[in-house]
>>> print(open('upload23.tsv').read())   # TSV, C-alpha atoms
chain	number	residue	atom	x	y	z
R	1	MET	CA	32.67	29.34	81.91
R	2	ILE	CA	35.65	26.97	81.97
R	3	GLU	CA	36.58	25.98	78.43
R	4	SER	CA	36.41	22.36	77.34
R	5	GLU	CA	39.57	20.31	77.17
R	6	ILE	CA	38.21	18.51	74.10
R	7	ASP	CA	39.70	19.57	70.76
R	8	SER	CA	37.87	18.91	67.51
R	9	GLU	CA	39.53	17.79	64.28
R	10	VAL	CA	36.56	19.16	62.32
R	11	ASP	CA	35.41	22.74	61.89
R	12	VAL	CA	31.62	22.64	62.20
R	13	SER	CA	31.38	26.21	60.87
R	14	ALA	CA	32.94	25.28	57.51
R	15	ASP	CA	30.98	24.08	54.50
R	16	GLY	CA	31.56	20.59	53.16
R	17	LYS	CA	31.80	17.12	54.66
R	18	GLN	CA	34.40	16.54	57.34
R	19	LEU	CA	35.12	13.33	59.22
R	20	GLY	CA	37.33	12.98	62.25
R	21	TYR	CA	37.45	12.86	66.01
R	22	LEU	CA	36.89	14.91	69.11
R	23	ARG	CA	40.13	14.51	71.07
R	24	LEU	CA	39.75	14.22	74.84
R	25	ALA	CA	43.14	14.22	76.56
R	26	HIS	CA	43.56	11.03	78.59
R	27	SER	CA	46.80	10.24	80.36
R	28	VAL	CA	47.09	6.63	81.51
R	29	HIS	CA	49.87	4.10	82.11
R	30	ARG	CA	49.62	2.78	78.53
R	31	SER	CA	49.79	6.26	76.97
R	32	ALA	CA	51.12	9.22	78.95
R	33	TYR	CA	50.03	11.82	76.35
R	34	GLY	CA	47.11	10.00	74.80
R	35	TRP	CA	43.60	11.05	73.85
R	36	ILE	CA	40.18	9.40	73.59
R	37	PRO	CA	38.92	9.47	69.97
R	38	ILE	CA	35.22	10.37	69.88
R	39	PRO	CA	34.01	9.97	66.26
R	40	VAL	CA	32.38	13.05	64.73
R	41	ALA	CA	31.13	14.12	61.32
R	42	SER	CA	30.15	17.59	60.14
R	43	ILE	CA	28.10	18.00	56.96
R	44	ARG	CA	27.26	21.60	56.09
R	45	ASN	CA	25.86	23.52	53.18
R	46	GLY	CA	25.50	27.20	53.98
R	47	ALA	CA	23.01	28.83	56.32
R	48	GLY	CA	20.00	26.89	57.57
R	49	PRO	CA	18.84	24.73	60.46
R	50	ARG	CA	21.59	23.34	62.69
R	51	VAL	CA	20.99	19.79	63.91
R	52	LEU	CA	22.96	17.64	66.37
R	53	LEU	CA	22.45	13.91	65.75
R	54	MET	CA	23.64	11.60	68.49
R	55	ALA	CA	23.81	7.86	69.16
R	56	GLY	CA	25.92	5.76	71.51
R	57	ASN	CA	24.87	7.92	74.45
R	58	HIS	CA	24.62	4.48	76.03
R	59	GLY	CA	27.23	2.19	74.54
R	60	ASP	CA	25.15	-1.00	74.36
R	61	GLU	CA	22.43	0.64	72.24
R	62	TYR	CA	23.38	-0.30	68.70
R	63	GLU	CA	20.53	0.73	66.42
R	64	GLY	CA	21.32	4.43	66.48
R	65	GLN	CA	25.02	3.78	65.94
R	66	VAL	CA	24.23	1.85	62.77
R	67	ILE	CA	21.71	4.45	61.53
R	68	LEU	CA	24.09	7.37	61.96
R	69	SER	CA	27.04	5.45	60.50
R	70	LYS	CA	24.98	4.88	57.35
R	71	LEU	CA	23.83	8.49	57.27
R	72	ILE	CA	27.41	9.79	57.44
R	73	ARG	CA	28.35	7.67	54.43
R	74	GLN	CA	25.24	8.46	52.39
R	75	LEU	CA	24.76	12.21	52.80
R	76	ASP	CA	26.67	14.85	50.88
R	77	PRO	CA	26.60	18.60	51.49
R	78	GLN	CA	24.39	19.18	48.44
R	79	ASP	CA	21.70	17.09	50.16
R	80	LEU	CA	21.42	19.72	52.90
R	81	ARG	CA	20.45	23.29	53.59
R	82	GLY	CA	22.15	24.02	56.86
R	83	SER	CA	24.27	21.66	58.92
R	84	LEU	CA	24.41	18.31	60.64
R	85	VAL	CA	26.87	17.46	63.40
R	86	VAL	CA	26.85	13.71	63.95
R	87	LEU	CA	28.15	11.78	66.99
R	88	PRO	CA	27.61	8.07	66.22
R	89	MET	CA	29.36	6.95	69.46
R	90	ALA	CA	28.82	9.87	71.82
R	91	ASN	CA	30.20	8.10	74.90
R	92	PHE	CA	32.96	6.43	72.93
R	93	PRO	CA	34.55	4.44	75.80
R	94	ALA	CA	31.15	2.88	76.61
R	95	ALA	CA	30.30	2.25	72.95
R	96	GLU	CA	33.68	0.70	72.21
R	97	ALA	CA	33.16	-1.71	75.12
R	98	GLY	CA	29.49	-2.40	74.30
R	99	LEU	CA	28.45	-1.25	77.77
R	100	ARG	CA	25.75	1.13	78.97
R	101	THR	CA	28.30	3.01	81.06
R	102	SER	CA	31.93	3.89	80.50
R	103	PRO	CA	34.52	1.34	81.65
R	104	LEU	CA	36.84	4.27	82.42
R	105	ASP	CA	34.71	5.92	85.10
R	106	GLU	CA	31.37	4.01	85.24
R	107	GLY	CA	29.83	7.19	83.83
R	108	ASN	CA	26.33	7.13	82.38
R	109	LEU	CA	26.42	9.95	79.82
R	110	ASN	CA	22.64	10.40	79.92
R	111	ARG	CA	22.87	11.08	83.66
R	112	SER	CA	25.90	13.37	83.45
R	113	PHE	CA	24.76	16.68	81.90
R	114	PRO	CA	25.76	19.51	82.19
R	115	GLY	CA	29.05	17.78	82.88
R	116	ASP	CA	32.40	19.11	84.01
R	117	PRO	CA	35.28	20.02	81.68
R	118	ARG	CA	37.78	19.07	84.39
R	119	GLY	CA	35.92	15.96	85.51
R	120	THR	CA	35.95	12.31	84.49
R	121	PRO	CA	35.89	11.39	80.78
R	122	THR	CA	32.09	11.03	80.78
R	123	GLN	CA	31.64	14.36	82.53
R	124	ALA	CA	33.98	16.07	80.06
R	125	ILE	CA	32.07	14.61	77.09
R	126	ALA	CA	28.76	15.77	78.59
R	127	HIS	CA	30.14	19.27	79.09
R	128	TYR	CA	31.35	19.49	75.49
R	129	ILE	CA	28.03	18.29	74.08
R	130	GLU	CA	25.98	20.74	76.14
R	131	SER	CA	28.26	23.77	76.25
R	132	VAL	CA	29.80	23.59	72.76
R	133	LEU	CA	27.68	21.52	70.37
R	134	LEU	CA	24.18	22.20	71.73
R	135	ALA	CA	25.04	25.87	72.21
R	136	GLU	CA	25.34	26.10	68.40
R	137	ALA	CA	22.33	23.87	67.53
R	138	ASP	CA	18.65	24.42	66.84
R	139	TYR	CA	17.60	20.76	67.12
R	140	MET	CA	18.94	17.62	68.79
R	141	ILE	CA	17.97	14.05	67.89
R	142	ASP	CA	19.29	11.48	70.39
R	143	LEU	CA	18.81	7.89	69.17
R	144	HIS	CA	18.37	5.38	71.99
R	145	SER	CA	17.17	1.79	72.30
R	146	GLY	CA	16.70	-0.63	75.17
R	147	GLY	CA	20.34	-1.70	75.22
R	148	SER	CA	21.36	-5.12	76.51
R	149	SER	CA	18.87	-5.26	79.40
R	150	LEU	CA	15.63	-4.00	77.80
R	151	ASP	CA	13.63	-4.43	74.59
R	152	TYR	CA	11.40	-1.58	73.36
R	153	LEU	CA	8.72	-1.20	70.76
R	154	PRO	CA	9.80	1.54	68.31
R	155	ALA	CA	8.95	4.83	69.98
R	156	MET	CA	9.78	8.52	69.92
R	157	LEU	CA	10.04	10.64	73.06
R	158	THR	CA	9.86	14.37	73.58
R	159	PRO	CA	9.39	16.75	76.52
R	160	TRP	CA	5.82	18.05	76.65
R	161	GLU	CA	4.03	20.70	78.66
R	162	GLU	CA	0.44	21.65	77.96
R	163	GLY	CA	0.22	25.16	76.58
R	164	ASP	CA	3.85	25.28	75.45
R	165	PRO	CA	4.04	27.29	72.19
R	166	GLU	CA	6.59	24.73	70.92
R	167	ASN	CA	4.03	21.91	71.03
R	168	ALA	CA	2.85	22.34	67.45
R	169	ARG	CA	6.44	22.13	66.24
R	170	ARG	CA	7.15	19.08	68.35
R	171	LYS	CA	4.05	17.29	67.07
R	172	ALA	CA	5.03	18.04	63.46
R	173	LEU	CA	8.42	16.42	64.11
R	174	LEU	CA	6.85	13.38	65.78
R	175	ASP	CA	4.40	12.94	62.93
R	176	ALA	CA	7.17	13.25	60.36
R	177	PHE	CA	9.33	10.63	62.08
R	178	GLY	CA	6.26	8.40	62.11
R	179	LEU	CA	7.28	5.61	64.49
R	180	PRO	CA	4.39	3.55	65.92
R	181	TYR	CA	4.49	5.21	69.36
R	182	ALA	CA	5.18	8.69	70.71
R	183	LEU	CA	5.88	9.08	74.43
R	184	LEU	CA	5.34	12.46	76.06
R	185	PHE	CA	7.04	13.24	79.35
R	186	ALA	CA	7.30	16.23	81.65
R	187	ARG	CA	10.21	18.52	80.84
R	188	ASP	CA	12.81	18.94	83.58
R	189	ALA	CA	15.42	21.53	82.64
R	190	GLU	CA	17.32	20.84	85.87
R	191	ALA	CA	17.87	17.12	85.25
R	192	ALA	CA	20.98	15.41	83.89
R	193	TYR	CA	19.49	13.97	80.67
R	194	SER	CA	20.39	15.04	77.14
R	195	SER	CA	16.84	16.39	76.75
R	196	SER	CA	17.44	18.57	79.81
R	197	ALA	CA	20.72	19.79	78.33
R	198	ALA	CA	18.86	20.69	75.14
R	199	ALA	CA	16.19	22.55	77.13
R	200	ARG	CA	18.85	24.59	78.94
R	201	GLN	CA	20.29	25.62	75.57
R	202	GLY	CA	16.91	26.44	74.02
R	203	VAL	CA	17.19	23.50	71.59
R	204	THR	CA	14.18	21.49	70.41
R	205	SER	CA	14.89	17.83	71.18
R	206	LEU	CA	13.51	14.44	70.31
R	207	SER	CA	14.82	11.01	71.24
R	208	THR	CA	13.93	7.43	70.44
R	209	GLU	CA	13.70	3.97	71.92
R	210	ILE	CA	14.15	1.56	68.98
R	211	GLY	CA	14.31	-2.11	69.93
R	212	GLY	CA	17.28	-3.20	71.98
R	213	ALA	CA	17.96	-6.58	73.63
R	214	GLY	CA	21.62	-6.24	72.66
R	215	ARG	CA	20.83	-6.72	68.96
R	216	VAL	CA	19.85	-4.83	65.81
R	217	THR	CA	16.36	-5.62	64.44
R	218	PRO	CA	16.33	-5.03	60.64
R	219	ALA	CA	12.66	-4.02	60.44
R	220	TYR	CA	13.00	-1.49	63.24
R	221	LEU	CA	16.25	-0.21	61.74
R	222	ALA	CA	14.69	0.40	58.30
R	223	MET	CA	11.65	2.08	59.87
R	224	ALA	CA	13.84	4.45	61.87
R	225	GLU	CA	16.17	5.21	58.94
R	226	ARG	CA	13.25	6.30	56.76
R	227	GLY	CA	11.68	8.21	59.63
R	228	LEU	CA	14.87	10.10	60.43
R	229	LEU	CA	15.16	11.38	56.84
R	230	ARG	CA	11.51	12.51	56.94
R	231	LEU	CA	12.20	14.26	60.23
R	232	LEU	CA	15.24	16.05	58.82
R	233	ALA	CA	13.16	17.09	55.81
R	234	GLU	CA	10.47	18.47	58.14
R	235	ILE	CA	13.12	20.46	59.99
R	236	GLY	CA	14.23	21.83	56.62
R	237	VAL	CA	17.87	20.72	56.81
R	238	TYR	CA	17.52	17.79	54.37
R	239	LYS	CA	16.29	18.34	50.82
R	240	GLY	CA	16.74	14.88	49.33
R	241	PRO	CA	14.17	12.16	48.64
R	242	VAL	CA	12.14	10.60	51.45
R	243	VAL	CA	10.04	7.45	51.68
R	244	THR	CA	6.44	7.67	52.89
R	245	GLU	CA	5.19	4.74	54.94
R	246	SER	CA	2.37	3.64	52.64
R	247	GLU	CA	1.01	0.99	55.00
R	248	SER	CA	1.72	2.67	58.32
R	249	THR	CA	-0.89	3.20	60.98
R	250	PRO	CA	-1.20	6.53	62.80
R	251	THR	CA	1.23	7.13	65.63
R	252	ARG	CA	-0.25	6.25	69.03
R	253	TYR	CA	0.45	8.92	71.64
R	254	LEU	CA	1.14	7.90	75.24
R	255	ASP	CA	1.95	9.57	78.53
R	256	ILE	CA	4.58	8.02	80.78
R	257	ARG	CA	4.43	8.37	84.55
R	258	PRO	CA	6.31	6.86	87.53
R	259	GLU	CA	3.60	4.25	88.19
R	260	HIS	CA	4.13	2.80	84.72
R	261	TYR	CA	7.45	1.19	85.72
R	262	VAL	CA	7.52	-2.32	87.21
R	263	PHE	CA	10.56	-3.37	89.25
R	264	ALA	CA	11.70	-6.73	90.62
R	265	PRO	CA	10.92	-6.98	94.35
R	266	GLU	CA	13.49	-9.77	94.83
R	267	ALA	CA	16.39	-11.44	93.08
R	268	GLY	CA	15.73	-14.57	91.05
R	269	ILE	CA	14.78	-15.75	87.57
R	270	PHE	CA	12.31	-13.51	85.76
R	271	GLU	CA	9.36	-15.19	84.01
R	272	PRO	CA	7.28	-12.56	82.15
R	273	LEU	CA	3.52	-13.09	82.05
R	274	ALA	CA	2.89	-10.35	79.47
R	275	GLU	CA	4.47	-9.43	76.16
R	276	LEU	CA	5.34	-6.28	74.26
R	277	GLY	CA	2.26	-4.61	72.82
R	278	ASP	CA	-0.15	-6.10	75.37
R	279	ALA	CA	-2.78	-3.88	76.96
R	280	VAL	CA	-2.62	-4.62	80.69
R	281	GLU	CA	-4.72	-3.62	83.70
R	282	ALA	CA	-3.77	-2.45	87.18
R	283	GLY	CA	-3.53	-5.48	89.45
R	284	GLN	CA	-2.94	-7.90	86.56
R	285	ALA	CA	-0.19	-10.49	87.03
R	286	ALA	CA	2.99	-9.20	85.39
R	287	ALA	CA	5.68	-11.75	86.22
R	288	LEU	CA	6.94	-14.48	88.50
R	289	ILE	CA	10.37	-14.32	90.12
R	290	HIS	CA	11.59	-17.88	90.67
R	291	HIS	CA	14.00	-18.95	93.43
R	292	PRO	CA	15.55	-22.29	92.41
R	293	GLN	CA	18.29	-21.89	95.01
R	294	THR	CA	15.65	-22.63	97.67
R	295	PRO	CA	13.99	-26.00	96.88
R	296	GLY	CA	10.24	-25.88	97.35
R	297	ARG	CA	10.00	-22.10	97.59
R	298	ALA	CA	7.10	-20.62	95.62
R	299	PRO	CA	7.88	-17.91	93.08
R	300	THR	CA	7.34	-14.27	94.03
R	301	PRO	CA	4.41	-12.77	92.09
R	302	VAL	CA	4.67	-9.30	90.56
R	303	SER	CA	1.65	-7.25	89.46
R	304	PHE	CA	1.13	-4.14	87.36
R	305	ALA	CA	0.40	-1.08	89.50
R	306	ALA	CA	-1.26	0.78	86.62
R	307	SER	CA	-3.08	0.10	83.38
R	308	GLY	CA	-1.46	0.80	80.02
R	309	LEU	CA	0.27	-0.50	76.93
R	310	LEU	CA	3.37	-2.64	77.49
R	311	LEU	CA	6.19	-0.81	75.65
R	312	CYS	CA	9.32	-2.26	77.21
R	313	LYS	CA	10.34	-5.59	78.74
R	314	ARG	CA	13.45	-6.82	80.49
R	315	VAL	CA	15.63	-9.20	78.47
R	316	PRO	CA	17.92	-11.15	80.87
R	317	ALA	CA	16.04	-13.70	82.94
R	318	LEU	CA	18.48	-13.48	85.85
R	319	THR	CA	17.23	-10.52	87.87
R	320	CYS	CA	18.24	-8.58	90.96
R	321	ARG	CA	15.99	-6.69	93.35
R	322	GLY	CA	15.32	-3.26	91.86
R	323	ASP	CA	15.79	-4.24	88.20
R	324	CYS	CA	13.24	-2.79	85.78
R	325	LEU	CA	11.01	-5.56	84.40
R	326	PHE	CA	8.46	-3.59	82.38
R	327	HIS	CA	7.59	-0.06	81.32
R	328	LEU	CA	4.07	0.96	80.29
R	329	GLY	CA	2.52	3.96	78.61
R	330	ALA	CA	-1.00	5.36	79.07
R	331	GLU	CA	-2.77	6.06	75.79
R	332	ARG	CA	-3.96	9.61	75.25
R	333	SER	CA	-5.58	11.51	72.43
R	334	PRO	CA	-3.13	12.90	69.89
R	335	PRO	CA	-2.22	16.44	70.94
R	336	ALA	CA	-3.74	19.20	68.85
>>> encode(input="upload23.tsv", output="structure tokens")
Amino acid sequence: MIESEIDSEVDVSADGKQLGYLRLAHSVHRSAYGWIPIPVASIRNGAGPRVLLMAGNHGDEYEGQVILSKLIRQLDPQDLRGSLVVLPMANFPAAEAGLRTSPLDEGNLNRSFPGDPRGTPTQAIAHYIESVLLAEADYMIDLHSGGSSLDYLPAMLTPWEEGDPENARRKALLDAFGLPYALLFARDAEAAYSSSAAARQGVTSLSTEIGGAGRVTPAYLAMAERGLLRLLAEIGVYKGPVVTESESTPTRYLDIRPEHYVFAPEAGIFEPLAELGDAVEAGQAAALIHHPQTPGRAPTPVSFAASGLLLCKRVPALTCRGDCLFHLGAERSPPA
């Protein structure tokens, strides 16, 4: 395997708390011998579970960046048994710019695994995460949200295959995190997502969708912060205090399938006819796409193709053909 061209300022095999950067060489007009600084923290206390925590996979998803920034400041090695490697801005060029994709190469990190150590900056970052960091991890938690174009109810996601011996472990992690919704999707070890990278490395993975809309929602943030500590305690890497959600309702489990996505059939102004948390039926009116540039033209109606719970809704009203407007989930019984 070709070695990564990223150098780390921290030694993840050493005990203690180390803060620094992954240095990706980047020669440009402004800086002939420069490097891209990808923030990283390593917190380790002897042998134990090894966990990779990641946010900023998409740069306009802010909740996870805030959560992991707080965690880096708050945790000390004595709080752990094992190790945490934390990437609060995994695709740093995208996160610095507040964009879903990198302004350097238009790279979408969560569509770039397993990456290429000699490729574009996003490809090189993907290669390092999969081939170096995940190769030394037991668990990966990838914190996402809806970013600037989507708004999500707080949900956890994990690959799921019926009969998989890992299912009991995955359910224990989902229950410990305790967000209102858990989305189960078919595992694809050949795909370019971080969850696929984890699967290729034999790493148990879980990700989130926590709010979005280009903002940070305090209630969602607090819920996810408490849940992440409970999750780390369930893994066995964190041994500090946790907060139990005294008034929480049981997690609702949902399947997600291709027919649960609703896309704009034309460009125009998006008027939603359903809201987050609504239970909708197949054939129900979902939205109107208005065309004010053509006086007198009727709006284009959009319907739901499947029944389910509305988990995600587009934020910007101005919409192009092919933009995602909604995302549903089909309720299922909690897995055994």
>>> closest_residue(input="upload23.tsv", among="R:Gly163, R:Gly56, R:Gly146, R:Pro39", to="Pro335 (chain R)", atoms="all atoms listed in the file")
R:Gly163
>>> atom_distance(input="upload23.tsv", atom1="CA of Ile67 (chain R)", atom2="CA of Leu231 (chain R)")
13.7 Å
>>> closest_residue(input="upload23.tsv", among="R:Pro121, R:Gly212, R:Pro88, R:Gly227", to="Leu68 (chain R)", atoms="only C-alpha atoms")
R:Pro88
>>> residues_around(input="upload23.tsv", residues="Arg170 (chain R)", least_positions_apart="3", cutoff="9 Å", atoms="all atoms listed in the file", output="ChimeraX atom specification")
/R:158-160,166-167,173-175,204-206
>>> atom_distance(input="upload23.tsv", atom1="CA of Ala274 (chain R)", atom2="CA of Thr251 (chain R)")
22.4 Å
>>> closest_residue(input="upload23.tsv", among="R:Thr101, R:Thr120, R:Ser149, R:Gln293", to="Asp323 (chain R)", atoms="only C-alpha atoms")
R:Ser149
>>> atom_distance(input="upload23.tsv", atom1="CA of Ser194 (chain R)", atom2="CA of Gly115 (chain R)")
10.7 Å
>>> closest_residue(input="upload23.tsv", among="R:Glu136, R:Asp116, R:Glu266, R:Glu63", to="Cys320 (chain R)", atoms="only C-alpha atoms")
R:Glu266
>>> residues_around(input="upload23.tsv", residues="Glu225 (chain R)", least_positions_apart="3", cutoff="12 Å", atoms="all atoms listed in the file", output="ChimeraX atom specification")
/R:63-71,74,143,154,177-179,208,210,218-222,228-232,242-245
>>> closest_residue(input="upload23.tsv", among="R:Gly147, R:Gly16, R:Pro334, R:Pro77", to="Asn57 (chain R)", atoms="all atoms listed in the file")
R:Gly147
>>> closest_residue(input="upload23.tsv", among="R:His290, R:Arg314, R:Lys239, R:His327", to="Val262 (chain R)", atoms="all atoms listed in the file")
R:His327
>>> residues_near_point(input="upload23.tsv", point="(38.0, 14.5, 77.1)", cutoff="7 Å", atoms="all atoms listed in the file", output="list in words")
Glu5, Ile6, Arg23, Leu24, Ala25, His26, Ile36, Pro121, Ala124 and Ile125 of chain R
>>> write_last_selection(input="upload23.tsv", atoms="C-alpha atoms", output="PDB file, in the coordinates of the input")
ATOM      1  CA  GLU R   5      39.570  20.310  77.170  1.00  0.00           C
ATOM      2  CA  ILE R   6      38.210  18.510  74.100  1.00  0.00           C
ATOM      3  CA  ARG R  23      40.130  14.510  71.070  1.00  0.00           C
ATOM      4  CA  LEU R  24      39.750  14.220  74.840  1.00  0.00           C
ATOM      5  CA  ALA R  25      43.140  14.220  76.560  1.00  0.00           C
ATOM      6  CA  HIS R  26      43.560  11.030  78.590  1.00  0.00           C
ATOM      7  CA  ILE R  36      40.180   9.400  73.590  1.00  0.00           C
ATOM      8  CA  PRO R 121      35.890  11.390  80.780  1.00  0.00           C
ATOM      9  CA  ALA R 124      33.980  16.070  80.060  1.00  0.00           C
ATOM     10  CA  ILE R 125      32.070  14.610  77.090  1.00  0.00           C
TER      11      ILE R 125
END
>>> residues_near_point(input="upload23.tsv", point="(25.2, -8.4, 69.0)", cutoff="12 Å", atoms="all atoms listed in the file", output="PDB file with C-alpha atoms, keeping the file's coordinate frame")
ATOM      1  CA  ASP R  60      25.150  -1.000  74.360  1.00  0.00           C
ATOM      2  CA  GLU R  61      22.430   0.640  72.240  1.00  0.00           C
ATOM      3  CA  TYR R  62      23.380  -0.300  68.700  1.00  0.00           C
ATOM      4  CA  GLU R  63      20.530   0.730  66.420  1.00  0.00           C
ATOM      5  CA  GLY R  98      29.490  -2.400  74.300  1.00  0.00           C
ATOM      6  CA  LEU R  99      28.450  -1.250  77.770  1.00  0.00           C
ATOM      7  CA  GLY R 147      20.340  -1.700  75.220  1.00  0.00           C
ATOM      8  CA  SER R 148      21.360  -5.120  76.510  1.00  0.00           C
ATOM      9  CA  GLY R 212      17.280  -3.200  71.980  1.00  0.00           C
ATOM     10  CA  ALA R 213      17.960  -6.580  73.630  1.00  0.00           C
ATOM     11  CA  GLY R 214      21.620  -6.240  72.660  1.00  0.00           C
ATOM     12  CA  ARG R 215      20.830  -6.720  68.960  1.00  0.00           C
ATOM     13  CA  VAL R 216      19.850  -4.830  65.810  1.00  0.00           C
ATOM     14  CA  THR R 217      16.360  -5.620  64.440  1.00  0.00           C
TER      15      THR R 217
END
>>> residues_around(input="upload23.tsv", residues="Asn108 (chain R)", least_positions_apart="3", cutoff="9 Å", atoms="all atoms listed in the file", output="PyMOL selection string")
chain R and resi 57-58+91+94+100-102+105+111-112+122-123
